[in-house]
Amino acid sequence: MPNNKVLRVLDANFNRCKEGLRVIEDYFRFFLEDDNLRKKTRKIRHSLDTISLTLVKAEAITNRDTANDLGKKIDSLELGRNNISQVLWANFQRVKESLRVLEEFSKVAMPKETPLIKKIRYEIYALEKKSFKRGASLRNS
C-alpha cells in the first residue's frame with residue numbers, strides 16, 4: 001500500500017480529472033450535442049473509476065485533508081473565463097495535467113495501471129483536437 005501522501009496525490013488527481021471530464025462531457029452533451037464525443041468522454045471517466053478502485057479507494061478517501069488543503073482556494077485565473085470555449089479549454093488542461101500526475105505517481109503506487117493511464121492521456125489529446133475541430137473556439141461561444 002502506498003504511503004498517505006502518495007494516496008492523497010492520487011486521490012486528488014483522480015477527483016480533479018473526473019471533474020474536468022464531467023465538464024467536458026456536459027459540453028459535448030449540451031453545446032455540441034454530439035453523443036459520440038459525450039459517450040467517449042463518459043467511457044474514459046468510468047475507466048478512471050475502475051483504475052481508482054485498485055487504489056483501495058476507501059484508504060485514499062480516509063487520508064484526505066480538505067480542511068488543510070493548500071490548493072482549495074479559487075484564484076483569479078479561474079474567475080477570468082469569458083466564454084464557454086474557455087471553460088472547455090481550461091477543463092481539458094485540468095484533465096491532461098491530472099493524468100500526467102496520475103501517470104507519474106502510479107509508477108510508485110500501482111505500476112500495473114501506468115500504461116493504461118498513459119493511454120488515456122493520449123486519448124484526451126485526440127479528444128481535445130476533435131472538440132476544437134468540431135466547433136470550439138477560444139474566442140467564441
# chains A, B, ... in the order shown; residues from 1 in each chain; ligands from 1

$ residues_around --residues "Val95 of chain A" --least-positions-apart "6" --cutoff "9 Å" --atoms "only C-alpha atoms" --output "PyMOL selection string"
chain A and resi 13+16-21+121+124

$ write_last_selection --atoms "C-alpha atoms" --output "JSON list (two decimals), in the first residue's frame"
[["chain", "number", "residue", "atom", "x", "y", "z"],
["A", 13, "ASN", "CA", -5.85, 13.90, -9.14],
["A", 16, "ARG", "CA", -9.67, 16.57, -10.47],
["A", 17, "CYS", "CA", -9.51, 14.54, -13.65],
["A", 18, "LYS", "CA", -13.01, 13.12, -13.29],
["A", 19, "GLU", "CA", -14.46, 16.56, -12.51],
["A", 20, "GLY", "CA", -12.83, 18.03, -15.62],
["A", 21, "LEU", "CA", -14.09, 15.13, -17.72],
["A", 121, "ARG", "CA", -3.80, 10.74, -21.60],
["A", 124, "ILE", "CA", -7.59, 13.00, -24.24]]

$ residues_around --residues "segment 101-117 of chain A" --least-positions-apart "4" --cutoff "9 Å" --atoms "only C-alpha atoms" --output "JSON list (two decimals) with N, CA and C atoms, in the first residue's frame"
[["chain", "number", "residue", "atom", "x", "y", "z"],
["A", 1, "MET", "N", 0.85, -1.19, 0.00],
["A", 1, "MET", "CA", 0.00, 0.00, 0.00],
["A", 1, "MET", "C", 0.89, 1.25, 0.00],
["A", 2, "PRO", "N", 0.61, 2.22, -0.89],
["A", 2, "PRO", "CA", 1.41, 3.45, -0.94],
["A", 2, "PRO", "C", 1.27, 4.26, 0.36],
["A", 3, "ASN", "N", 2.21, 5.15, 0.61],
["A", 3, "ASN", "CA", 2.11, 5.97, 1.82],
["A", 3, "ASN", "C", 0.98, 6.99, 1.69],
["A", 6, "VAL", "N", 1.22, 9.88, -0.96],
["A", 6, "VAL", "CA", 1.01, 9.41, -2.33],
["A", 6, "VAL", "C", -0.48, 9.15, -2.55],
["A", 7, "LEU", "N", -1.14, 8.55, -1.56],
["A", 7, "LEU", "CA", -2.59, 8.33, -1.68],
["A", 7, "LEU", "C", -3.34, 9.65, -1.84],
["A", 9, "VAL", "N", -2.18, 12.45, -3.15],
["A", 9, "VAL", "CA", -1.91, 12.96, -4.50],
["A", 9, "VAL", "C", -2.77, 12.23, -5.52],
["A", 10, "LEU", "N", -2.81, 10.91, -5.42],
["A", 10, "LEU", "CA", -3.60, 10.12, -6.37],
["A", 10, "LEU", "C", -5.09, 10.44, -6.24],
["A", 13, "ASN", "N", -5.94, 13.85, -7.68],
["A", 13, "ASN", "CA", -5.85, 13.90, -9.14],
["A", 13, "ASN", "C", -6.88, 13.04, -9.83],
["A", 14, "PHE", "N", -7.28, 11.92, -9.23],
["A", 14, "PHE", "CA", -8.42, 11.19, -9.79],
["A", 14, "PHE", "C", -9.66, 12.08, -9.74],
["A", 48, "LEU", "N", -11.51, 5.54, -15.41],
["A", 48, "LEU", "CA", -10.75, 6.07, -14.26],
["A", 48, "LEU", "C", -11.32, 5.57, -12.94],
["A", 51, "ILE", "N", -9.83, 2.15, -12.49],
["A", 51, "ILE", "CA", -8.43, 2.23, -12.07],
["A", 51, "ILE", "C", -8.33, 2.64, -10.61],
["A", 54, "THR", "N", -8.44, 0.11, -7.78],
["A", 54, "THR", "CA", -7.25, -0.67, -7.45],
["A", 54, "THR", "C", -6.46, -0.01, -6.33],
["A", 55, "LEU", "N", -6.75, 1.25, -6.07],
["A", 55, "LEU", "CA", -6.07, 2.00, -5.03],
["A", 55, "LEU", "C", -6.59, 1.68, -3.64],
["A", 96, "LYS", "N", -5.64, 16.87, -18.59],
["A", 96, "LYS", "CA", -4.30, 16.44, -19.06],
["A", 96, "LYS", "C", -3.28, 16.52, -17.93],
["A", 97, "GLU", "N", -3.30, 17.61, -17.18],
["A", 97, "GLU", "CA", -2.35, 17.75, -16.07],
["A", 97, "GLU", "C", -2.57, 16.68, -15.01],
["A", 121, "ARG", "N", -4.33, 9.38, -21.37],
["A", 121, "ARG", "CA", -3.80, 10.74, -21.60],
["A", 121, "ARG", "C", -3.74, 11.04, -23.09],
["A", 122, "TYR", "N", -3.28, 10.08, -23.89],
["A", 122, "TYR", "CA", -3.21, 10.30, -25.33],
["A", 122, "TYR", "C", -4.60, 10.31, -25.97]]

$ residues_around --residues "Leu127 of chain A" --least-positions-apart "2" --cutoff "10 Å" --atoms "only C-alpha atoms" --output "VMD selection string"
chain A and resid 24 37 40 to 41 92 121 to 125 129 to 133

$ closest_residue --among "A:Lys43, A:Lys119, A:Lys5, A:Arg22" --to "Leu88 of chain A" --atoms "only C-alpha atoms"
A:Arg22

$ atom_distance --atom1 "atom CA of Ile120 of chain A" --atom2 "atom CA of Asp26 of chain A"
18.9 Å

$ closest_residue --among "A:Ala67, A:Phe28, A:Ala12, A:Thr50" --to "Ile84 of chain A" --atoms "only C-alpha atoms"
A:Phe28

$ atom_distance --atom1 "atom CA of Leu32 of chain A" --atom2 "atom CA of Gly135 of chain A"
7.7 Å
